[in-house]
Amino acid sequence: MPRISVKVDGVTYDDDVEPRLLLVHYLRDWLGKVGTPIGCDTTNCGACTVLMDGSSVKSCSVLAVQADGSEVTTIEGLAADGQMHPMQKSFHEEHALQCGYCTPGMILAATDLLRDNPNPSDDEIRDGLEGNLCRCTGYQNIVRAVRRAAAEMTESAAATDPKEARV
Amino acid sequence: MIPAQFEYTAPTTVDEAVSALAQGGEEAKVLAGGQSLMPLLRLRLAYPELLVDLNRVAELRGVRDEGDSLVIGAMTTHHTVVRDPLVNQHCALIALATATVADPAVRHRGTFGGSLAHADPAGDLPAVTVALDAEMIATGPNGQRTIPAGEFFADYLTSTLQPGEILVGVRVPKLAGWGFHYEKFNRVAQAWAVVGVAAAVRRANGNIAEARVGLTNMGATPVRARAVESAVQGTQAAPAALHEAASQAAEGTHPPSDLHGQADYRRHLAQVLTGRALAAAARV
Amino acid sequence: MTEQAQATPGAAKEIGARRARKEDARLITGQTRWTDSIQVPGLLQMAVLRSPMAHARITRIDVSPALDRPGVLAAFSGRDFADEQGSLPCAWPVTEDMAQPPNPPLAVDEVRYAGDAVAVVVARDRYSAADALEAIEIDYEPLPPVLDLEEALADGAPLVHSDLGTNKCYDFHMPAGDYQAARDRAQAEGGIVMKRRYLQQRLQPSAMEPRAVVVEPIAAAGEFTLYSATQIPHILRLLLAMTTGVPEHKIRVVAPDVGGGFGSKLNLYAEESIALLVARRLGRPVKWTESRSENYQATIHGRGQIQDIEVAATREGRLLGLKVSLVADMGAYLQLITPGVPLLGAFMYPGIYKMDAYDFSCTGVFTTKTPTDAYRGAGRPEATYAIERAMDDLAQELGIDPIELRRQNWIRHEEFPFDTIAGLTYDSGNYEAATDEALRLFGYEELRREQAERRDRGDPVQLGIGISIYTEMCGIAPSRVLGSLSFGGGGWEYASVRMLPTGKVEVVTGASPHGQGHDTTFSQIVADALGVPFDDVELIHGDTKSSHKGLDTYGSRSLAVGGIAITQACGRVIEKARKVAAHLLEAADTDIEFSGGTFRVRGAPESAKTIQEVVLATHLAHDMPEGVEPSLDADATFDPENFSFPHGSHLVAAEVDTQTGFTKIRSYVAVDDCGRVINPLVVEGQVVGGIAQGLAQALYEEATYDADGNLTSGTLADYLVPAAPDVPEITMARTETPATTNPLGVKGIGEAGTIGSTPAVVNAIVDALRHLGVDDVDMPCTPERVWRAIQESSAASA
């Protein structure tokens, strides 16, 4: 069995895994990172979205062996220094979640969207989240939350050295 | 859903990949971005014994300028292609169409070559390569060869890559002074194209000097709408003339009838969308 | 505290506030407890083998080869549990002679839909379990599938359940008034009798969390804890006890975080039952987690009806009578309320309108498809769709503006309470106010002008205006009404309010949230009722051990029933605390006023005790008044006298591309009235989410089967759940007409958006195309269907 070394939410794990082990099952069943849920078999729903080396990926469609040497951020590692990420806060403030099952993937996809486009229009937000399905909210408050987080992050980036701004 | 067991190897060079594939024989399969393959494995619709993962083959990534053409490495992700300055400057149709493939997370993993080698006629990129007269560069145990895009797609989910061959890159001619458009028609944002039209148009003196049209999901393979191309050549670059020429878009096509559209509807759509694609590409 | 605040006891500070939800903290950080995330010592993984055929006899089944696979501990077929698995229950025998065939959790001799469970394996982990399924040997002898509802009723049709001798499950008939007379009158007076057939496609509910169950047995004691992604932990415990023979007090059911339900987790499912039986037999904990593909086959579907509608009206447009004949798809078996779903609609076909006569009938039909059951709105979306489509069609037939036709017939606000022809009493409503506001926000006249212009110039993109003015019955209760409908359960709800010594409050509710935000809205109610800070209130729910009774969450009932139980329990706490405060303040009970969390002696405001002081006093119990027991808490159950009847006016402007058939929603205005609003943020979330689901029925979603009975919409790649770009921005507003049947004046809002939106969208599409001769498009209104409707009309007129 291949040996992998993966840094997940700041902690490095070394494990021997079956090649077929999906990254999402590695996170959930091996590492206990159960904040990342699974919603489909076909890469459609996006519930399992995590950041792999900074980019959003659907962890049900990546093998754990493929993550060898990578850095993975899940919803559980998004808050830094005990401070919630602005995207997490704005999802709360704008009531952008109901059952919360799509929320980890949605939040991570949204942070990735802002990394690419720090000031998206509503249409760009909707397009940027097309890979993440939500059955509860009708998306309206999710769009608002991303808009709000974008504004807050742009503001705080302007207030600090832009090179150090977190996106 | 959970994939069945398989062996796995992740070579770091093309040579290693070719020999790994050769050793695996018929039951070996190449893993590129995996965004189509992983669902097939999870649904247990595919049972490869060996996956040869190309993700660590650095030489397969990136876009190279070769003078009159670009070579897009097979493992260049959609995300990279969409933003690549060379692609946007010389073959913008590819960037436009790639931006419509799936969603951002899938585009981070999915690759240009993987989409083509998968040979799904509902995929957006095969029709684009056919329209652009791209060439597929394949490497196998017997060395490298070049396959014109028009000869690459053999059937539904079947390319003319030989067993043991790997698609390593795609050569795309630079098109200076052309206008482009990819018109994708789908029922929801995530869905595959019911029909898609890739159009490239060169205008001269208010007329269409030359046009190339590729059709997505209008048959078992991507289709070149040659009748439209000849009809449109020399016509006025005006919506009426372009839509008139587009009425030949379905000629010679054999579109599928499935959940997302019956064949006659697809034929109709091909005409409407081709008119729109030509008009958008011609900026009229 | 000001004089004014004292003068207005119970002043609402929290009720009506846009409180962000307290349940979000764990959901946005991933500190969640979904059923699949639960680990217990010694946990095994169960996987289910499902029939690949719609209908077949099992001629041979051998699970033993699975036992040879690595990591496998056990494998069972239906035959292994035939004597103990019982039949999954249906709680709603809608007629005395309803056919109720056995519904074995694991098929024994025959499979009746593709996805019917036939065997299970139990292994050390999910990968081994998945592999071992492939080793099970099973031979099927194919039987003919039964797919079409009307063909299923024809003589000589193949039978889903051969023992029954028919595919008919029941005939239900509910006449009110003399429909024939109404019809005759319409004809005699030169009015109209309009017939229409509308189709309700099958839908796959698609809660984002697939189902999952974990059973943890203490085998030696015969005790079981069952964690399930369910909406109904309390009902589930009762049903498990009734079907497995495990005594009710030996079963604990926990609904941990549940990722959406929409009715689809309102059942005792085969896998819950089997997991318990397997855990009992092995004496080991067992987990089963559904994949999305399984979810689409084995979790109930919704809708699935043919609706034949006949409307009799005068030439001027006054409704005289309505006749509704349904054929409803039960699927292969009856799940918990399968046969009753159409009946939840039976009372709502008259909608907001007055009429002289109504005749409802429904025939339930078995097919070799996934069982149907409650899906968001359950019966009421179907009813609203039919009546609101019919009103637009009637307006067209009579040449009356569709808004005016509705105004002419709806119940005017001064007519409430109003006894409807279907036998309900609508307590309150104001359709005029909601509709006027919707028209104002929508810009109705301007859009009508643009529509005319586009028609005149033959624009390839036509504009349609869709209207839906709905009401619905929700807050599913009252128990006596449910009893009169032969429903095998009650509809009350339970609450307990427990004051802790430090003045914090624990509130137990029998409602079981799965996204609705109960913790927040219920905390707001309690904060106002007790005068305590919002953050001092903690909700306890979803665990039969800590929330020992209740009737769970469905039918938009949690606030209108459960919220009232909480209010009543708070009232009882205050009454007891008042006695203690009076004692401590050396005053008479009757002289004690309570406001803003403080008890005061009337006329001596400096003489006061806060509720926290009183609680502590009851806890210490050093100085209690005569006959008052220590500690401070109270229970209440509430069984309302009536349903609640929210209503709303939805207006849609749709642009239909006549060349491709593609529909784009340009604007959507929803003015809803759910009575008094506890939390506008939560209400708006329910409305817009509900609209998205109803709109998805109109435009995108359909469960499809091939000729062999295979589900062809079996993954999210083929079942088109809309993503963010596919759903428009909704303009929302509210009117507030309080319910008169509960002390908070609240009405349910969980299903309203779904109920209102579907006809509004389809009406808009048809309205865009009427001048082309189109008068109907079947749902989902795919571009292809719209295009074909246009082609067929132009061919017909040519």
# chains A, B, ... in the order shown; residues from 1 in each chain; ligands from 1
>>> select_by_dssp(residues="range 36-223 of chain B", states="helix (DSSP H, G or I)", output="ChimeraX atom specification")
/B:37-42,58-60,78-83,85-90,92-98,104-109,112-118,125-131,149-152
>>> closest_atom_pairs(of="chain A", to="chain C", cutoff="6 Å", atoms="only C-alpha atoms", output="tab-separated table")
residue	atom	partner	partner_atom	distance
A:Val34	CA	C:Ser37	CA	5.7
A:Gly35	CA	C:Gly30	CA	3.8
A:Gly39	CA	C:Met208	CA	5.8
A:Cys40	CA	C:Arg292	CA	4.8
A:Ile75	CA	C:Gly30	CA	5.6
A:Glu76	CA	C:Gly30	CA	5.4
A:Gln88	CA	C:Ile28	CA	5.8
A:Glu93	CA	C:Ala20	CA	5.6
A:Gln98	CA	C:Gly515	CA	4.4
A:Cys99	CA	C:Gly515	CA	3.5
A:Gly100	CA	C:Leu27	CA	5.4
A:Tyr101	CA	C:Gly259	CA	5.1
A:Arg126	CA	C:Ala724	CA	4.9
A:Asp127	CA	C:Pro725	CA	5.6
A:Glu130	CA	C:Ala723	CA	5.4
A:Leu133	CA	C:Ala723	CA	5.4
A:Cys136	CA	C:Gly689	CA	5.1
A:Thr137	CA	C:Gly689	CA	4.3
A:Gly138	CA	C:Gly689	CA	4.2
A:Tyr139	CA	C:Ala724	CA	5.6
>>> write_last_selection(atoms="C-alpha atoms", output="short mmCIF file (atom, residue, chain, number, x, y, z; two decimals), in the first residue's frame")
data_model
loop_
_atom_site.label_atom_id
_atom_site.label_comp_id
_atom_site.auth_asym_id
_atom_site.auth_seq_id
_atom_site.Cartn_x
_atom_site.Cartn_y
_atom_site.Cartn_z
CA VAL A 34 -15.94 14.69 9.69
CA GLY A 35 -16.74 18.32 9.00
CA GLY A 39 -23.53 14.36 -0.98
CA CYS A 40 -23.21 12.51 -4.27
CA ILE A 75 -13.86 23.70 6.89
CA GLU A 76 -12.38 22.74 10.24
CA GLN A 88 -17.88 31.90 7.85
CA GLU A 93 -24.90 36.94 9.47
CA GLN A 98 -30.27 26.14 6.81
CA CYS A 99 -29.51 22.46 7.27
CA GLY A 100 -25.83 23.22 6.84
CA TYR A 101 -24.90 20.10 4.90
CA ARG A 126 -23.67 32.57 -8.84
CA ASP A 127 -21.52 31.24 -11.67
CA GLU A 130 -22.31 26.46 -9.80
CA LEU A 133 -25.73 22.47 -4.71
CA CYS A 136 -32.49 24.73 1.41
CA THR A 137 -31.63 28.35 0.77
CA GLY A 138 -32.47 29.04 -2.86
CA TYR A 139 -28.94 30.55 -2.92
#
>>> interface_residues(of="chain B", to="chain C", cutoff="8 Å", atoms="only C-alpha atoms", output="number ranges by chain")
B: 1-2, 4, 187-191, 259, 261, 265, 269, 272
>>> closest_residue(among="B:Ala280, B:Thr216, B:Ala102, B:Gly62", to="Cys45 in chain A", atoms="only C-alpha atoms")
B:Ala102
>>> residues_around(residues="Cys362 in chain C", least_positions_apart="4", cutoff="7 Å", atoms="only C-alpha atoms", output="list in words")
Asp171, Phe172, His173, Ser325, Leu326, Val327 and Ala328 of chain C
>>> select_by_dssp(residues="range 79-217 of chain B", states="strand (DSSP E)", output="tab-separated table (two decimals) with N, CA, C and O atoms, in the first residue's frame")
chain	number	residue	atom	x	y	z
B	135	GLU	N	-4.21	19.31	-33.67
B	135	GLU	CA	-3.58	17.99	-33.84
B	135	GLU	C	-3.27	17.40	-32.47
B	135	GLU	O	-2.74	18.09	-31.60
B	136	MET	N	-3.60	16.14	-32.33
B	136	MET	CA	-3.34	15.46	-31.07
B	136	MET	C	-1.97	14.79	-31.15
B	136	MET	O	-1.68	14.09	-32.13
B	137	ILE	N	-1.19	15.01	-30.13
B	137	ILE	CA	0.14	14.40	-30.10
B	137	ILE	C	0.09	13.24	-29.12
B	137	ILE	O	-0.22	13.43	-27.94
B	138	ALA	N	0.36	12.05	-29.64
B	138	ALA	CA	0.27	10.86	-28.81
B	138	ALA	C	1.63	10.20	-28.73
B	138	ALA	O	2.39	10.17	-29.70
B	139	THR	N	1.93	9.68	-27.55
B	139	THR	CA	3.18	8.95	-27.36
B	139	THR	C	2.86	7.55	-26.90
B	139	THR	O	2.03	7.37	-26.01
B	140	GLY	N	3.53	6.60	-27.51
B	140	GLY	CA	3.28	5.21	-27.14
B	140	GLY	C	4.57	4.42	-27.23
B	140	GLY	O	5.65	5.00	-27.44
B	143	GLY	N	6.77	5.22	-30.06
B	143	GLY	CA	7.17	6.61	-30.27
B	143	GLY	C	5.98	7.54	-30.38
B	143	GLY	O	4.86	7.21	-30.00
B	144	GLN	N	6.26	8.70	-30.95
B	144	GLN	CA	5.26	9.74	-31.00
B	144	GLN	C	4.60	9.81	-32.37
B	144	GLN	O	5.23	9.57	-33.38
B	145	ARG	N	3.31	10.16	-32.38
B	145	ARG	CA	2.65	10.42	-33.65
B	145	ARG	C	1.63	11.53	-33.47
B	145	ARG	O	1.26	11.87	-32.33
B	146	THR	N	1.20	12.05	-34.59
B	146	THR	CA	0.26	13.17	-34.55
B	146	THR	C	-1.04	12.73	-35.24
B	146	THR	O	-1.01	12.13	-36.30
B	147	ILE	N	-2.15	13.04	-34.58
B	147	ILE	CA	-3.44	12.65	-35.14
B	147	ILE	C	-4.27	13.91	-35.32
B	147	ILE	O	-4.49	14.65	-34.36
B	148	PRO	N	-4.74	14.18	-36.53
B	148	PRO	CA	-5.61	15.35	-36.70
B	148	PRO	C	-6.86	15.19	-35.85
B	148	PRO	O	-7.39	14.07	-35.73
B	153	PHE	N	-11.47	11.36	-32.89
B	153	PHE	CA	-12.68	10.89	-32.19
B	153	PHE	C	-13.34	9.81	-33.03
B	153	PHE	O	-13.85	10.08	-34.12
B	154	ALA	N	-13.32	8.57	-32.52
B	154	ALA	CA	-13.77	7.45	-33.33
B	154	ALA	C	-15.24	7.14	-33.11
B	154	ALA	O	-15.97	6.82	-34.03
B	155	ASP	N	-15.66	7.25	-31.87
B	155	ASP	CA	-17.03	6.86	-31.53
B	155	ASP	C	-17.31	7.41	-30.15
B	155	ASP	O	-16.45	8.04	-29.53
B	158	THR	N	-14.80	6.93	-27.38
B	158	THR	CA	-13.71	6.15	-28.00
B	158	THR	C	-12.88	7.04	-28.89
B	158	THR	O	-13.41	7.69	-29.80
B	159	SER	N	-11.56	7.05	-28.62
B	159	SER	CA	-10.65	7.82	-29.48
B	159	SER	C	-9.84	6.84	-30.32
B	159	SER	O	-9.93	5.62	-30.13
B	166	ILE	N	-0.50	7.43	-25.01
B	166	ILE	CA	-0.94	8.49	-24.12
B	166	ILE	C	-1.03	9.78	-24.92
B	166	ILE	O	-0.12	10.10	-25.69
B	167	LEU	N	-2.12	10.50	-24.72
B	167	LEU	CA	-2.22	11.83	-25.33
B	167	LEU	C	-1.33	12.76	-24.50
B	167	LEU	O	-1.55	12.93	-23.30
B	168	VAL	N	-0.31	13.33	-25.14
B	168	VAL	CA	0.63	14.15	-24.36
B	168	VAL	C	0.41	15.64	-24.58
B	168	VAL	O	0.78	16.46	-23.75
B	169	GLY	N	-0.17	15.99	-25.72
B	169	GLY	CA	-0.39	17.41	-25.96
B	169	GLY	C	-1.25	17.63	-27.18
B	169	GLY	O	-1.56	16.69	-27.92
B	170	VAL	N	-1.66	18.86	-27.34
B	170	VAL	CA	-2.51	19.21	-28.48
B	170	VAL	C	-1.90	20.44	-29.15
B	170	VAL	O	-1.63	21.46	-28.50
B	171	ARG	N	-1.67	20.31	-30.45
B	171	ARG	CA	-1.12	21.44	-31.20
B	171	ARG	C	-2.29	22.19	-31.84
B	171	ARG	O	-3.10	21.60	-32.56
B	172	VAL	N	-2.34	23.47	-31.54
B	172	VAL	CA	-3.45	24.28	-32.05
B	172	VAL	C	-2.88	25.41	-32.88
B	172	VAL	O	-2.04	26.17	-32.40
B	173	PRO	N	-3.32	25.53	-34.15
B	173	PRO	CA	-2.80	26.62	-34.96
B	173	PRO	C	-3.23	27.97	-34.40
B	173	PRO	O	-4.35	28.13	-33.92
B	178	TRP	N	-9.09	36.49	-35.92
B	178	TRP	CA	-10.35	35.78	-35.96
B	178	TRP	C	-11.21	36.18	-34.76
B	178	TRP	O	-10.71	36.59	-33.72
B	179	GLY	N	-12.51	36.01	-34.93
B	179	GLY	CA	-13.43	36.17	-33.81
B	179	GLY	C	-13.95	34.79	-33.40
B	179	GLY	O	-14.05	33.89	-34.23
B	180	PHE	N	-14.24	34.65	-32.11
B	180	PHE	CA	-14.61	33.32	-31.61
B	180	PHE	C	-15.85	33.39	-30.74
B	180	PHE	O	-16.14	34.39	-30.09
B	181	HIS	N	-16.52	32.27	-30.69
B	181	HIS	CA	-17.60	32.14	-29.71
B	181	HIS	C	-17.90	30.68	-29.46
B	181	HIS	O	-17.85	29.86	-30.38
B	182	TYR	N	-18.18	30.35	-28.21
B	182	TYR	CA	-18.71	29.01	-27.91
B	182	TYR	C	-20.10	29.18	-27.34
B	182	TYR	O	-20.29	29.79	-26.30
B	183	GLU	N	-21.08	28.66	-28.03
B	183	GLU	CA	-22.48	28.77	-27.63
B	183	GLU	C	-22.90	27.44	-27.03
B	183	GLU	O	-23.04	26.46	-27.74
B	184	LYS	N	-23.08	27.46	-25.71
B	184	LYS	CA	-23.44	26.21	-25.01
B	184	LYS	C	-24.88	26.30	-24.57
B	184	LYS	O	-25.28	27.28	-23.96
B	185	PHE	N	-25.62	25.29	-24.87
B	185	PHE	CA	-27.02	25.27	-24.46
B	185	PHE	C	-27.22	24.12	-23.50
B	185	PHE	O	-27.12	22.95	-23.87
B	195	VAL	N	-26.69	20.79	-26.78
B	195	VAL	CA	-25.93	21.03	-28.01
B	195	VAL	C	-24.98	22.19	-27.72
B	195	VAL	O	-25.34	23.09	-26.97
B	196	GLY	N	-23.81	22.15	-28.30
B	196	GLY	CA	-22.90	23.28	-28.21
B	196	GLY	C	-22.35	23.59	-29.58
B	196	GLY	O	-22.25	22.69	-30.42
B	197	VAL	N	-22.01	24.85	-29.79
B	197	VAL	CA	-21.45	25.23	-31.08
B	197	VAL	C	-20.19	26.06	-30.86
B	197	VAL	O	-20.22	27.09	-30.19
B	198	ALA	N	-19.10	25.58	-31.43
B	198	ALA	CA	-17.84	26.31	-31.39
B	198	ALA	C	-17.66	27.00	-32.74
B	198	ALA	O	-17.67	26.32	-33.78
B	199	ALA	N	-17.53	28.30	-32.72
B	199	ALA	CA	-17.42	29.02	-34.00
B	199	ALA	C	-16.19	29.91	-34.00
B	199	ALA	O	-15.88	30.59	-33.03
B	200	ALA	N	-15.51	29.91	-35.13
B	200	ALA	CA	-14.38	30.82	-35.37
B	200	ALA	C	-14.64	31.50	-36.72
B	200	ALA	O	-15.00	30.83	-37.68
B	201	VAL	N	-14.50	32.80	-36.74
B	201	VAL	CA	-14.88	33.55	-37.94
B	201	VAL	C	-13.79	34.59	-38.24
B	201	VAL	O	-13.31	35.28	-37.34
B	202	ARG	N	-13.41	34.65	-39.52
B	202	ARG	CA	-12.49	35.72	-39.95
B	202	ARG	C	-13.24	36.63	-40.90
B	202	ARG	O	-13.85	36.18	-41.86
B	203	ARG	N	-13.26	37.90	-40.55
B	203	ARG	CA	-13.99	38.86	-41.37
B	203	ARG	C	-13.01	39.62	-42.26
B	203	ARG	O	-11.86	39.83	-41.90
B	204	ALA	N	-13.50	40.01	-43.42
B	204	ALA	CA	-12.72	40.90	-44.28
B	204	ALA	C	-13.69	41.77	-45.06
B	204	ALA	O	-14.62	41.26	-45.69
B	207	ASN	N	-17.40	41.22	-44.92
B	207	ASN	CA	-17.88	39.88	-45.26
B	207	ASN	C	-17.18	38.84	-44.38
B	207	ASN	O	-16.21	39.14	-43.68
B	208	ILE	N	-17.72	37.64	-44.44
B	208	ILE	CA	-17.07	36.54	-43.74
B	208	ILE	C	-16.07	35.93	-44.73
B	208	ILE	O	-16.45	35.38	-45.76
B	209	ALA	N	-14.80	36.05	-44.38
B	209	ALA	CA	-13.78	35.50	-45.27
B	209	ALA	C	-13.67	34.00	-45.08
B	209	ALA	O	-13.46	33.23	-46.02
B	210	GLU	N	-13.87	33.58	-43.83
B	210	GLU	CA	-13.64	32.17	-43.51
B	210	GLU	C	-14.31	31.87	-42.18
B	210	GLU	O	-14.34	32.73	-41.30
B	211	ALA	N	-14.82	30.68	-42.05
B	211	ALA	CA	-15.44	30.32	-40.77
B	211	ALA	C	-15.21	28.85	-40.49
B	211	ALA	O	-15.09	28.03	-41.41
B	212	ARG	N	-15.13	28.53	-39.22
B	212	ARG	CA	-15.01	27.13	-38.78
B	212	ARG	C	-16.06	26.89	-37.70
B	212	ARG	O	-16.21	27.70	-36.79
B	213	VAL	N	-16.75	25.79	-37.84
B	213	VAL	CA	-17.82	25.50	-36.89
B	213	VAL	C	-17.72	24.04	-36.44
B	213	VAL	O	-17.68	23.13	-37.26
B	214	GLY	N	-17.67	23.85	-35.13
B	214	GLY	CA	-17.69	22.50	-34.56
B	214	GLY	C	-18.92	22.35	-33.67
B	214	GLY	O	-19.33	23.29	-32.99
B	215	LEU	N	-19.49	21.15	-33.69
B	215	LEU	CA	-20.73	20.92	-32.95
B	215	LEU	C	-20.53	19.90	-31.84
B	215	LEU	O	-19.96	18.82	-32.06
B	216	THR	N	-21.02	20.26	-30.67
B	216	THR	CA	-20.96	19.38	-29.51
B	216	THR	C	-22.28	18.62	-29.37
B	216	THR	O	-23.35	19.23	-29.48
>>> closest_atom_pairs(of="chain A", to="chain B", cutoff="7 Å", atoms="only C-alpha atoms", output="Markdown table")
| residue | atom | partner | partner_atom | distance |
| --- | --- | --- | --- | --- |
| A:Pro19 | CA | B:Tyr8 | CA | 5.9 |
| A:Arg20 | CA | B:Gln5 | CA | 6.0 |
| A:Asp41 | CA | B:Pro39 | CA | 6.0 |
| A:Thr42 | CA | B:Pro39 | CA | 4.8 |
| A:Thr43 | CA | B:Pro39 | CA | 6.9 |
| A:Ser55 | CA | B:His108 | CA | 6.8 |
| A:Ser56 | CA | B:Ala105 | CA | 5.0 |
| A:Val57 | CA | B:Ala105 | CA | 4.6 |
| A:Lys58 | CA | B:Ala105 | CA | 6.3 |
| A:Ser61 | CA | B:Met38 | CA | 5.4 |
| A:Gly128 | CA | B:Pro104 | CA | 6.5 |
| A:Glu130 | CA | B:Asp103 | CA | 5.9 |
| A:Gly131 | CA | B:Asp103 | CA | 4.9 |
>>> closest_residue(among="A:Thr74, A:Thr12, A:Thr154, A:Thr103", to="Asn119 in chain A", atoms="only C-alpha atoms")
A:Thr154
>>> atom_distance(atom1="CA of Ala670 in chain C", atom2="CA of Tyr349 in chain C")
20.7 Å
>>> residues_around(residues="Ala250 in chain B", least_positions_apart="5", cutoff="9 Å", atoms="only C-alpha atoms", output="list in words")
Met218, Ala225, Ala227, Pro255, Arg266, Arg267, His268, Leu269, Ala270 and Gln271 of chain B
>>> residues_around(residues="Ile564 in chain C", least_positions_apart="3", cutoff="10 Å", atoms="only C-alpha atoms", output="list in words")
Glu493, Tyr494, Ala495, Phe522, Ile525, Ser558, Leu559, Ala560, Val561, Thr567, Gln568, Ala569, Cys570, Ala636, Thr637, Phe638, Asp639, Pro640, Asn742, Pro743, Leu744, Gly745 and Val746 of chain C
>>> residues_around(residues="range 408-417 of chain C", least_positions_apart="3", cutoff="8 Å", atoms="only C-alpha atoms", output="JSON, numbers by chain")
{"C": [317, 318, 319, 352, 353, 354, 355, 404, 405, 425, 426, 427, 428, 429, 430, 431, 432]}
>>> atom_distance(atom1="CA of Gly113 in chain B", atom2="CA of Gly177 in chain B")
26.1 Å
>>> residues_around(residues="Pro41 in chain C", least_positions_apart="5", cutoff="12 Å", atoms="only C-alpha atoms", output="mmCIF file with N, CA, C and O atoms, in the first residue's frame")
data_model
loop_
_atom_site.group_PDB
_atom_site.id
_atom_site.type_symbol
_atom_site.label_atom_id
_atom_site.label_comp_id
_atom_site.auth_asym_id
_atom_site.auth_seq_id
_atom_site.Cartn_x
_atom_site.Cartn_y
_atom_site.Cartn_z
ATOM 1 N N ARG C 124 -16.103 -4.954 8.176
ATOM 2 C CA ARG C 124 -15.346 -4.112 9.102
ATOM 3 C C ARG C 124 -15.360 -2.655 8.696
ATOM 4 O O ARG C 124 -15.218 -1.765 9.524
ATOM 5 N N VAL C 214 -27.224 4.528 12.363
ATOM 6 C CA VAL C 214 -26.279 3.793 13.215
ATOM 7 C C VAL C 214 -27.099 3.162 14.332
ATOM 8 O O VAL C 214 -27.887 3.852 14.976
ATOM 9 N N VAL C 215 -26.924 1.855 14.521
ATOM 10 C CA VAL C 215 -27.615 1.186 15.632
ATOM 11 C C VAL C 215 -26.568 0.665 16.596
ATOM 12 O O VAL C 215 -25.662 -0.068 16.203
ATOM 13 N N GLU C 216 -26.700 1.070 17.818
ATOM 14 C CA GLU C 216 -25.776 0.624 18.856
ATOM 15 C C GLU C 216 -26.568 -0.210 19.857
ATOM 16 O O GLU C 216 -27.399 0.322 20.587
ATOM 17 N N PRO C 217 -26.325 -1.512 19.857
ATOM 18 C CA PRO C 217 -27.113 -2.350 20.768
ATOM 19 C C PRO C 217 -26.372 -2.591 22.086
ATOM 20 O O PRO C 217 -25.142 -2.588 22.127
ATOM 21 N N ILE C 218 -27.125 -2.755 23.130
ATOM 22 C CA ILE C 218 -26.575 -3.426 24.302
ATOM 23 C C ILE C 218 -27.329 -4.740 24.319
ATOM 24 O O ILE C 218 -28.432 -4.846 24.864
ATOM 25 N N ARG C 284 -23.552 -6.334 17.670
ATOM 26 C CA ARG C 284 -22.505 -5.343 17.365
ATOM 27 C C ARG C 284 -23.158 -4.114 16.761
ATOM 28 O O ARG C 284 -24.169 -4.210 16.067
ATOM 29 N N PRO C 285 -22.573 -2.949 16.984
ATOM 30 C CA PRO C 285 -23.117 -1.742 16.354
ATOM 31 C C PRO C 285 -22.923 -1.779 14.842
ATOM 32 O O PRO C 285 -21.925 -2.304 14.348
ATOM 33 N N VAL C 286 -23.891 -1.215 14.150
ATOM 34 C CA VAL C 286 -23.910 -1.277 12.689
ATOM 35 C C VAL C 286 -24.227 0.098 12.138
ATOM 36 O O VAL C 286 -25.086 0.802 12.681
ATOM 37 N N LYS C 287 -23.526 0.454 11.079
ATOM 38 C CA LYS C 287 -23.830 1.726 10.392
ATOM 39 C C LYS C 287 -24.179 1.444 8.940
ATOM 40 O O LYS C 287 -23.564 0.587 8.298
#
>>> closest_residue(among="B:Asp68, B:Asp258, B:Glu27, B:Glu229", to="Leu175 in chain B", atoms="only C-alpha atoms")
B:Asp68
